[in-house]
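These notes are about the structure you will find just below.
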Amino acid sequence: MTTPMSETRSPLPLLFRRHSSGEIKNLTSVSSSLLPAFGTVVTDGYSNLNKFIIVPYDRRYRWWQTFLVVLVVYSAWVSPFELAFKKVATGSLLPVDLVVDAFFALDIVLTFFVAYLDKSTYLLVDDHKKIAVRYLTSLWFPMDVASTLPFQVIYRIFTGEMNRNEVFGFLNLLRFWRLRRVSELFSRLEKDIRFSYFLTRLIKLICVTLLAVHSAGCFYYWLAIHHKDAENTWIGIEVEDFKSRSIWLGYTYSIYWSIVTLATVGYGDLHAVNLGEKIFSICYMLFNIGLTSYLIGNMTNLIVHSAIRTFIMRDSINEILRYGSKNRLPESLKDQMLAHMQLKFKTAELKQEEVLEDLPKAIRTSIAQHLFRRTVENAYLFKDLSNDLIAQLVSEMKAEYFPPKVDIIIQNEIPTDFYILVSGSVDVIVYKTGTEQILSKLESPQMAGEIAVMLNIPQPFTVRTRRLSQVIRISHHHFKQMLQPNNEDGKTLFINFTEHLKGMKKEEQNEIPYFSELLEDLNSEFTEPNETQNQRLPDYHGDQKMEGSPEASTPLPHTDRIRVIIHEHHPDESTKDGKGMGKLVFLPKSIEELFGLAEKRFGKRGSSIFMADGSKVEDLNVLREGDHLFFV
């Protein structure tokens with residue numbers, strides 16, 4: 001009986017349908033064939049099925065199918081066994097066969113109530129008439145019935161006597177049709193991540209081999225039983241009067257011959273004697289060629305698949321060694337390259353990018369928040385910032401691993417990123433007179449590279465890992481874009497940065513060019529009244545502001561603020577008196593303001609401004625970042 005609802009139902013809402021169909025607790029067990037096609041409209045109005053309809057992925061129905069698979073294993077073993085040993089077919093195994101056939105008969109009835117997926121629309125069809133017509137007109141129905149009917153029992157009911165004719169033994173071989181259920185089960189298990197793919201495939205190959213060995217042995221014994229001369233058979237020349245001997249003795253001999261032949265050992269103790277046995281042995285050995293190829297091919301594929309990453313790693317390392325030798329790279333640099341490549345493969349499962357690149361952005365962001373938010377909040381630069389800005393920063397950060405003794409930052413390189421240590425430790429190094437000097441050691445959650453990014457200067461230090469270290473990095477560009485709309489957070493961040501500069505070691509401060517001038521400018525910016533701060537904030541990034549953002553709302557500077565170095569002597573004069581270092585200042589808007597700034601710095605006012613090449617400056621628009629100006 002059907003309801004007047006639509007004949008097709010979308011499968012997706014049934015993942016959350018009523019309890020009568022069983023809850024799906026693990027979505028990885030849902031077959032991909034039940035997903036709707038792209039463009040299919042899925043609505044909650046189709047969440048109710050017709051009465052007495054079974055959902056194909058119902059948990060209880062899946063358990064029923066798994067139970068039938070166990071019965072299929074029995075059927076696959078007993079069908080050729082009863083063909084070879086007719087006594088058990090009408091004796092001890094007959095009641096068991098009838099019970100098994102009854103379960104499969106019940107499954108035939110249940111199939112008339114199982115909804116199916118329309119291949120053209122990918123919608124679930126729950127109309128009883130359509131389900132019945134589809135099943136009755138397919139090959140499955142007649143084969144299911146033929147493999148389930150107990151032909152010997154039916155014959156006995158109609159004739160009153162038990163017939164042991166060979167035709168019933170061959171009709172029982174129709175039960176092999178049930179093996180399709182085993183094939184479907186293995187296909188589902190191979191796609192289910194809860195089970196090992198290697199073990200699933202291995203068990204499948206073992207089952208195929210055992211089935212071939214068992215079937216061939218039973219049929220070979222059947223040939224001996226039905227030969228006119230029992231002594232002129234493969235088993236008759238070894239076992240006298242084998243027909244009256246134990247069933248299990250004959251079965252053991254049959255399996256022994258089958259395994260020896262399959263393994264191509266060929267001891268010669270059991271061999272084909274008559275023509276029929278020779279023909280069967282030829283066919284069996286030809287079949288074994290294909291079966292052996294199938295087994296070897298699958299096992300090779302499984303083994304190679306498990307070792308393919310090792311092959312790739314070895315090839316990559318060999319390429320690095322050849323590249324280093326060809327270009328005569330120093331041993332220390334080659335060691336760093338090798339260490340990085342080995343670490344790449346050892347931590348492949350930990351790499352954030354490789355693991356998360358196929359996930360939606362929302363999921364990637366949630367994972368990053370879980371893993372790194374606390375580390376970012378504990379970094380000095382981001383203390384007391386708003387939760388929104390912290391969340392934005394974390395979502396844009398990338399996680400990386402570095403092996404020991406590898407340079408993360410190189411002194412004097414252009415700053416593009418800065419780093420926060422999640423685990424491990426690094427050394428802060430400078431080069432003086434050709435030698436390395438370790439200034440300090442950094443650990444989680446300290447930062448590296450942020451000074452050059454904030455001050456827009458070349459990296460003042462080399463940062464090298466001491467041991468295996470994980471860092472998260474953010475690019476200068478993304479950092480600036482997120483900070484621009486947050487005026488209050490920008491002020492807090494610069495205050496944190498200024499306090500950090502003041503607390504640095506004297507040796508580290510000396511390595512930052514024009515450190516005192518930069519620190520003085522930072523202090524002056526944040527001691528001015530608020531309205532002045534909104535009009536003049538220092539350009540420590542050197543990038544343009546986001547289009548459309550007003551000057552007063554951004555903590556980041558504009559690119560029209562140029563930094564120059566001023567000197568209090570003529571460019572041709574000697575600077576042995578210590579006045580050659582100069583002062584780093586921001587270029588004002590007029591020459592008069594520039595003279596006033598120089599007077600403030602040097603204590604005297606000049607009358608002319610010269611460039612390093614001796615040319616006189618008359619227009620500030622010709623000056624560029626980093627120019628040296630000399631006041632006379």
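Identifiers for the structure tokens are assigned positionally: chains receive A, B, ... in sequence, residues are indexed from 1 per chain, and ligands are indexed from 1 in the order shown.
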
Give me, as a PDB file with C-alpha atoms, in the first residue's frame, all polymer residues having an atom no more than 12 Å from region 385-391 of chain A, counting only C-alpha atoms and skipping those fewer than 2 positions away in the same chain.
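The resulting file, around.pdb, is reproduced below:
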ATOM      1  CA  ALA A 362      35.658  26.827   7.722  1.00  0.00           C
ATOM      2  CA  THR A 365      40.016  27.586  10.334  1.00  0.00           C
ATOM      3  CA  SER A 366      38.462  25.610  13.194  1.00  0.00           C
ATOM      4  CA  ILE A 367      41.392  23.203  13.232  1.00  0.00           C
ATOM      5  CA  ALA A 368      43.907  26.061  13.231  1.00  0.00           C
ATOM      6  CA  GLN A 369      42.072  27.746  16.104  1.00  0.00           C
ATOM      7  CA  HIS A 370      42.199  24.528  18.109  1.00  0.00           C
ATOM      8  CA  LEU A 371      45.890  23.914  17.457  1.00  0.00           C
ATOM      9  CA  PHE A 372      47.504  27.358  17.514  1.00  0.00           C
ATOM     10  CA  ARG A 373      45.256  29.966  19.114  1.00  0.00           C
ATOM     11  CA  ARG A 374      46.738  29.606  22.592  1.00  0.00           C
ATOM     12  CA  THR A 375      50.274  29.911  21.200  1.00  0.00           C
ATOM     13  CA  VAL A 376      49.386  33.105  19.321  1.00  0.00           C
ATOM     14  CA  GLU A 377      47.683  34.633  22.355  1.00  0.00           C
ATOM     15  CA  ASN A 378      50.801  33.989  24.456  1.00  0.00           C
ATOM     16  CA  ALA A 379      53.141  35.651  21.924  1.00  0.00           C
ATOM     17  CA  TYR A 380      54.206  39.059  23.225  1.00  0.00           C
ATOM     18  CA  LEU A 381      53.201  40.961  20.080  1.00  0.00           C
ATOM     19  CA  PHE A 382      49.553  39.840  20.228  1.00  0.00           C
ATOM     20  CA  LYS A 383      48.842  40.166  23.934  1.00  0.00           C
ATOM     21  CA  LEU A 393      45.551  35.972  12.376  1.00  0.00           C
ATOM     22  CA  VAL A 394      45.399  32.289  13.322  1.00  0.00           C
ATOM     23  CA  SER A 395      43.334  31.407  10.251  1.00  0.00           C
ATOM     24  CA  GLU A 396      46.003  32.878   7.956  1.00  0.00           C
ATOM     25  CA  MET A 397      48.988  31.254   9.637  1.00  0.00           C
ATOM     26  CA  HIS A 478      48.299  39.314   5.226  1.00  0.00           C
ATOM     27  CA  PHE A 479      49.366  40.763   8.560  1.00  0.00           C
ATOM     28  CA  LYS A 480      49.070  44.320   7.247  1.00  0.00           C
ATOM     29  CA  GLN A 481      45.685  43.703   5.625  1.00  0.00           C
ATOM     30  CA  MET A 482      44.174  42.358   8.845  1.00  0.00           C
ATOM     31  CA  LEU A 483      45.671  45.062  11.063  1.00  0.00           C
ATOM     32  CA  GLN A 484      44.580  48.077   9.009  1.00  0.00           C
ATOM     33  CA  PRO A 485      40.862  48.109   9.945  1.00  0.00           C
ATOM     34  CA  ASN A 486      41.645  47.654  13.665  1.00  0.00           C
ATOM     35  CA  ASN A 487      42.833  50.995  15.019  1.00  0.00           C
ATOM     36  CA  GLU A 488      42.808  50.131  18.735  1.00  0.00           C
ATOM     37  CA  ASP A 489      44.428  46.746  18.188  1.00  0.00           C
ATOM     38  CA  GLY A 490      47.079  48.440  16.062  1.00  0.00           C
ATOM     39  CA  LYS A 491      47.980  50.821  18.898  1.00  0.00           C
ATOM     40  CA  THR A 492      48.140  47.951  21.387  1.00  0.00           C
ATOM     41  CA  LEU A 493      50.337  45.938  19.053  1.00  0.00           C
ATOM     42  CA  PHE A 494      52.827  48.802  18.553  1.00  0.00           C
ATOM     43  CA  ILE A 495      52.966  49.392  22.301  1.00  0.00           C
ATOM     44  CA  ASN A 496      53.755  45.694  22.820  1.00  0.00           C
TER      45      ASN A 496
END

Residue neighbourhood Asn301 (chain A), 12 Å, only C-alpha atoms, exclusion window fewer than 6 positions, as a PyMOL selection string: chain A and resi 197-198+201-202+293-295+307-308

List every residue of region 48-96 of chain A that DSSP, applied to the backbone of this structure, assigns to helix (DSSP H, G or I), and report them as JSON, numbers by chain. {"A": [59, 60, 61, 62, 63, 64, 65, 66, 67, 68, 69, 70, 71, 72, 73, 74, 75, 76, 77, 78, 79, 80, 81, 82, 83, 84, 86, 87, 88, 89, 94, 95, 96]}

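With only C-alpha atoms taken into account, the protein and nucleic acid residues at most 8 Å from region 593-602 of chain A (excluding it and anything under 5 positions from it in its own chain) are Ile566, Glu568, Lys583, Leu587, Pro588, Ser607 and Phe631 of chain A.
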
Nearest-residue call for Tyr57 (chain A), choices A:Tyr514, A:Phe610, A:Phe186, A:Tyr116, using only C-alpha atoms: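 Among the listed residues, the smallest separation from Tyr57 (chain A) belongs to A:Tyr116.
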
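Coordinates place CA of Phe219 (chain A) at a distance of 24.3 Å from CA of Ile203 (chain A).
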
Find the residues around Thr292 (chain A) up to 12 Å (only C-alpha atoms counted), leave out those fewer than 2 positions away in its own chain, and share them as an mmCIF file with all heavy atoms, in the first residue's frame.
data_model
loop_
_atom_site.group_PDB
_atom_site.id
_atom_site.type_symbol
_atom_site.label_atom_id
_atom_site.label_comp_id
_atom_site.auth_asym_id
_atom_site.auth_seq_id
_atom_site.Cartn_x
_atom_site.Cartn_y
_atom_site.Cartn_z
ATOM 1 N N LEU A 205 41.959 -12.220 -1.034
ATOM 2 C CA LEU A 205 42.800 -13.090 -1.863
ATOM 3 C C LEU A 205 42.885 -14.494 -1.266
ATOM 4 O O LEU A 205 42.873 -15.496 -2.004
ATOM 5 C CB LEU A 205 44.195 -12.485 -2.007
ATOM 6 C CG LEU A 205 44.283 -11.136 -2.738
ATOM 7 C CD1 LEU A 205 45.714 -10.626 -2.728
ATOM 8 C CD2 LEU A 205 43.766 -11.268 -4.161
ATOM 9 N N ILE A 206 42.969 -14.584 0.046
ATOM 10 C CA ILE A 206 43.009 -15.903 0.695
ATOM 11 C C ILE A 206 41.701 -16.654 0.465
ATOM 12 O O ILE A 206 41.696 -17.862 0.174
ATOM 13 C CB ILE A 206 43.290 -15.736 2.204
ATOM 14 C CG1 ILE A 206 44.713 -15.209 2.417
ATOM 15 C CG2 ILE A 206 43.114 -17.062 2.934
ATOM 16 C CD1 ILE A 206 45.037 -14.903 3.869
ATOM 17 N N VAL A 208 39.601 -16.310 -2.055
ATOM 18 C CA VAL A 208 39.548 -16.741 -3.457
ATOM 19 C C VAL A 208 40.392 -17.998 -3.660
ATOM 20 O O VAL A 208 39.980 -18.953 -4.337
ATOM 21 C CB VAL A 208 40.023 -15.600 -4.384
ATOM 22 C CG1 VAL A 208 40.201 -16.103 -5.808
ATOM 23 C CG2 VAL A 208 39.039 -14.443 -4.352
ATOM 24 N N THR A 209 41.565 -18.022 -3.064
ATOM 25 C CA THR A 209 42.458 -19.186 -3.204
ATOM 26 C C THR A 209 41.847 -20.426 -2.564
ATOM 27 O O THR A 209 41.857 -21.516 -3.159
ATOM 28 C CB THR A 209 43.824 -18.875 -2.566
ATOM 29 O OG1 THR A 209 44.365 -17.687 -3.144
ATOM 30 C CG2 THR A 209 44.786 -20.023 -2.786
ATOM 31 N N ALA A 212 39.032 -21.810 -4.697
ATOM 32 C CA ALA A 212 39.521 -22.512 -5.886
ATOM 33 C C ALA A 212 40.083 -23.884 -5.519
ATOM 34 O O ALA A 212 39.820 -24.887 -6.199
ATOM 35 C CB ALA A 212 40.588 -21.667 -6.571
ATOM 36 N N THR A 261 49.007 -29.092 -6.866
ATOM 37 C CA THR A 261 48.899 -28.670 -8.268
ATOM 38 C C THR A 261 48.874 -27.152 -8.388
ATOM 39 O O THR A 261 49.514 -26.576 -9.271
ATOM 40 C CB THR A 261 47.630 -29.264 -8.892
ATOM 41 O OG1 THR A 261 47.642 -30.691 -8.719
ATOM 42 C CG2 THR A 261 47.572 -28.947 -10.374
ATOM 43 N N LEU A 262 48.134 -26.496 -7.475
ATOM 44 C CA LEU A 262 48.075 -25.038 -7.517
ATOM 45 C C LEU A 262 49.449 -24.427 -7.270
ATOM 46 O O LEU A 262 49.834 -23.442 -7.905
ATOM 47 C CB LEU A 262 47.073 -24.532 -6.470
ATOM 48 C CG LEU A 262 46.945 -23.008 -6.331
ATOM 49 C CD1 LEU A 262 46.382 -22.409 -7.607
ATOM 50 C CD2 LEU A 262 46.069 -22.642 -5.143
ATOM 51 N N ALA A 263 50.208 -25.027 -6.369
ATOM 52 C CA ALA A 263 51.531 -24.503 -6.049
ATOM 53 C C ALA A 263 52.587 -24.931 -7.065
ATOM 54 O O ALA A 263 53.758 -24.553 -6.914
ATOM 55 C CB ALA A 263 51.940 -24.960 -4.653
ATOM 56 N N THR A 264 52.187 -25.721 -8.066
ATOM 57 C CA THR A 264 53.090 -26.212 -9.134
ATOM 58 C C THR A 264 54.266 -26.988 -8.555
ATOM 59 O O THR A 264 55.357 -26.990 -9.122
ATOM 60 C CB THR A 264 53.614 -25.044 -9.994
ATOM 61 O OG1 THR A 264 54.462 -24.206 -9.202
ATOM 62 C CG2 THR A 264 52.492 -24.231 -10.584
ATOM 63 N N TYR A 284 42.640 -27.213 -15.084
ATOM 64 C CA TYR A 284 42.930 -26.660 -13.756
ATOM 65 C C TYR A 284 44.261 -25.915 -13.742
ATOM 66 O O TYR A 284 44.387 -24.841 -13.143
ATOM 67 C CB TYR A 284 42.933 -27.785 -12.721
ATOM 68 C CG TYR A 284 43.137 -27.306 -11.301
ATOM 69 C CD1 TYR A 284 42.386 -26.247 -10.780
ATOM 70 C CD2 TYR A 284 44.073 -27.914 -10.461
ATOM 71 C CE1 TYR A 284 42.561 -25.810 -9.473
ATOM 72 C CE2 TYR A 284 44.254 -27.482 -9.154
ATOM 73 C CZ TYR A 284 43.503 -26.431 -8.674
ATOM 74 O OH TYR A 284 43.677 -25.990 -7.382
ATOM 75 N N MET A 285 45.265 -26.449 -14.423
ATOM 76 C CA MET A 285 46.570 -25.782 -14.453
ATOM 77 C C MET A 285 46.512 -24.500 -15.272
ATOM 78 O O MET A 285 47.176 -23.512 -14.934
ATOM 79 C CB MET A 285 47.629 -26.747 -14.995
ATOM 80 C CG MET A 285 48.051 -27.811 -13.975
ATOM 81 S SD MET A 285 49.404 -28.863 -14.513
ATOM 82 C CE MET A 285 48.508 -29.972 -15.598
ATOM 83 N N LEU A 286 45.718 -24.502 -16.345
ATOM 84 C CA LEU A 286 45.535 -23.256 -17.093
ATOM 85 C C LEU A 286 44.837 -22.208 -16.222
ATOM 86 O O LEU A 286 45.184 -21.024 -16.245
ATOM 87 C CB LEU A 286 44.731 -23.521 -18.365
ATOM 88 C CG LEU A 286 45.432 -24.328 -19.461
ATOM 89 C CD1 LEU A 286 44.470 -24.613 -20.608
ATOM 90 C CD2 LEU A 286 46.664 -23.581 -19.977
ATOM 91 N N PHE A 287 43.841 -22.653 -15.460
ATOM 92 C CA PHE A 287 43.170 -21.733 -14.536
ATOM 93 C C PHE A 287 44.152 -21.218 -13.481
ATOM 94 O O PHE A 287 44.114 -20.044 -13.095
ATOM 95 C CB PHE A 287 41.993 -22.454 -13.869
ATOM 96 C CG PHE A 287 41.412 -21.725 -12.705
ATOM 97 C CD1 PHE A 287 40.560 -20.646 -12.892
ATOM 98 C CD2 PHE A 287 41.728 -22.095 -11.390
ATOM 99 C CE1 PHE A 287 40.021 -19.963 -11.807
ATOM 100 C CE2 PHE A 287 41.206 -21.416 -10.304
ATOM 101 C CZ PHE A 287 40.347 -20.351 -10.516
ATOM 102 N N ASN A 288 45.047 -22.108 -13.027
ATOM 103 C CA ASN A 288 46.018 -21.709 -12.011
ATOM 104 C C ASN A 288 46.963 -20.624 -12.517
ATOM 105 O O ASN A 288 47.439 -19.790 -11.736
ATOM 106 C CB ASN A 288 46.833 -22.926 -11.557
ATOM 107 C CG ASN A 288 46.022 -23.840 -10.667
ATOM 108 O OD1 ASN A 288 44.967 -23.458 -10.156
ATOM 109 N ND2 ASN A 288 46.484 -25.077 -10.502
ATOM 110 N N ILE A 289 47.257 -20.648 -13.811
ATOM 111 C CA ILE A 289 48.123 -19.600 -14.363
ATOM 112 C C ILE A 289 47.478 -18.228 -14.161
ATOM 113 O O ILE A 289 48.112 -17.269 -13.701
ATOM 114 C CB ILE A 289 48.399 -19.863 -15.852
ATOM 115 C CG1 ILE A 289 49.231 -21.148 -16.014
ATOM 116 C CG2 ILE A 289 49.125 -18.675 -16.484
ATOM 117 C CD1 ILE A 289 49.440 -21.549 -17.470
ATOM 118 N N GLY A 290 46.182 -18.129 -14.486
ATOM 119 C CA GLY A 290 45.483 -16.861 -14.295
ATOM 120 C C GLY A 290 45.327 -16.498 -12.833
ATOM 121 O O GLY A 290 45.510 -15.332 -12.441
ATOM 122 N N TYR A 294 46.853 -13.283 -10.870
ATOM 123 C CA TYR A 294 45.971 -12.382 -10.118
ATOM 124 C C TYR A 294 46.488 -12.186 -8.700
ATOM 125 O O TYR A 294 46.549 -11.052 -8.187
ATOM 126 C CB TYR A 294 44.557 -12.962 -10.107
ATOM 127 C CG TYR A 294 43.592 -12.256 -9.197
ATOM 128 C CD1 TYR A 294 43.038 -11.028 -9.552
ATOM 129 C CD2 TYR A 294 43.213 -12.817 -7.975
ATOM 130 C CE1 TYR A 294 42.138 -10.379 -8.718
ATOM 131 C CE2 TYR A 294 42.320 -12.174 -7.137
ATOM 132 C CZ TYR A 294 41.786 -10.965 -7.510
ATOM 133 O OH TYR A 294 40.903 -10.326 -6.681
ATOM 134 N N LEU A 295 46.891 -13.281 -8.042
ATOM 135 C CA LEU A 295 47.377 -13.194 -6.669
ATOM 136 C C LEU A 295 48.685 -12.415 -6.585
ATOM 137 O O LEU A 295 48.849 -11.525 -5.746
ATOM 138 C CB LEU A 295 47.558 -14.597 -6.096
ATOM 139 C CG LEU A 295 46.295 -15.445 -5.944
ATOM 140 C CD1 LEU A 295 46.651 -16.840 -5.457
ATOM 141 C CD2 LEU A 295 45.312 -14.792 -4.985
ATOM 142 N N ILE A 296 49.630 -12.750 -7.482
ATOM 143 C CA ILE A 296 50.924 -12.069 -7.452
ATOM 144 C C ILE A 296 50.765 -10.587 -7.772
ATOM 145 O O ILE A 296 51.379 -9.728 -7.133
ATOM 146 C CB ILE A 296 51.894 -12.747 -8.438
ATOM 147 C CG1 ILE A 296 52.218 -14.172 -7.959
ATOM 148 C CG2 ILE A 296 53.179 -11.934 -8.580
ATOM 149 C CD1 ILE A 296 53.097 -14.945 -8.912
ATOM 150 N N GLY A 297 49.924 -10.276 -8.760
ATOM 151 C CA GLY A 297 49.707 -8.874 -9.119
ATOM 152 C C GLY A 297 49.127 -8.071 -7.974
ATOM 153 O O GLY A 297 49.570 -6.956 -7.690
ATOM 154 N N ASN A 298 48.132 -8.643 -7.287
ATOM 155 C CA ASN A 298 47.518 -7.924 -6.165
ATOM 156 C C ASN A 298 48.474 -7.778 -4.992
ATOM 157 O O ASN A 298 48.548 -6.713 -4.378
ATOM 158 C CB ASN A 298 46.250 -8.660 -5.714
ATOM 159 C CG ASN A 298 45.035 -8.296 -6.533
ATOM 160 O OD1 ASN A 298 44.296 -7.376 -6.208
ATOM 161 N ND2 ASN A 298 44.825 -9.005 -7.636
ATOM 162 N N MET A 299 49.206 -8.833 -4.660
ATOM 163 C CA MET A 299 50.150 -8.740 -3.556
ATOM 164 C C MET A 299 51.270 -7.750 -3.860
ATOM 165 O O MET A 299 51.695 -6.983 -2.990
ATOM 166 C CB MET A 299 50.730 -10.122 -3.251
ATOM 167 C CG MET A 299 49.738 -11.086 -2.636
ATOM 168 S SD MET A 299 48.993 -10.463 -1.107
ATOM 169 C CE MET A 299 50.450 -10.266 -0.077
ATOM 170 N N THR A 300 51.739 -7.759 -5.108
ATOM 171 C CA THR A 300 52.780 -6.798 -5.493
ATOM 172 C C THR A 300 52.272 -5.368 -5.367
ATOM 173 O O THR A 300 52.974 -4.483 -4.865
ATOM 174 C CB THR A 300 53.244 -7.071 -6.930
ATOM 175 O OG1 THR A 300 53.722 -8.413 -7.031
ATOM 176 C CG2 THR A 300 54.341 -6.100 -7.332
#

How many Å lie between CA of Pro415 (chain A) and CA of Phe497 (chain A), rounded to one decimal?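 We find that CA of Pro415 (chain A) and CA of Phe497 (chain A) lie 16.5 Å from each other.
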
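Nearest to Phe345 (chain A) of all the residues A:Ile609, A:Leu321, A:Val471, A:Ile312 is A:Ile312, counting only C-alpha atoms.
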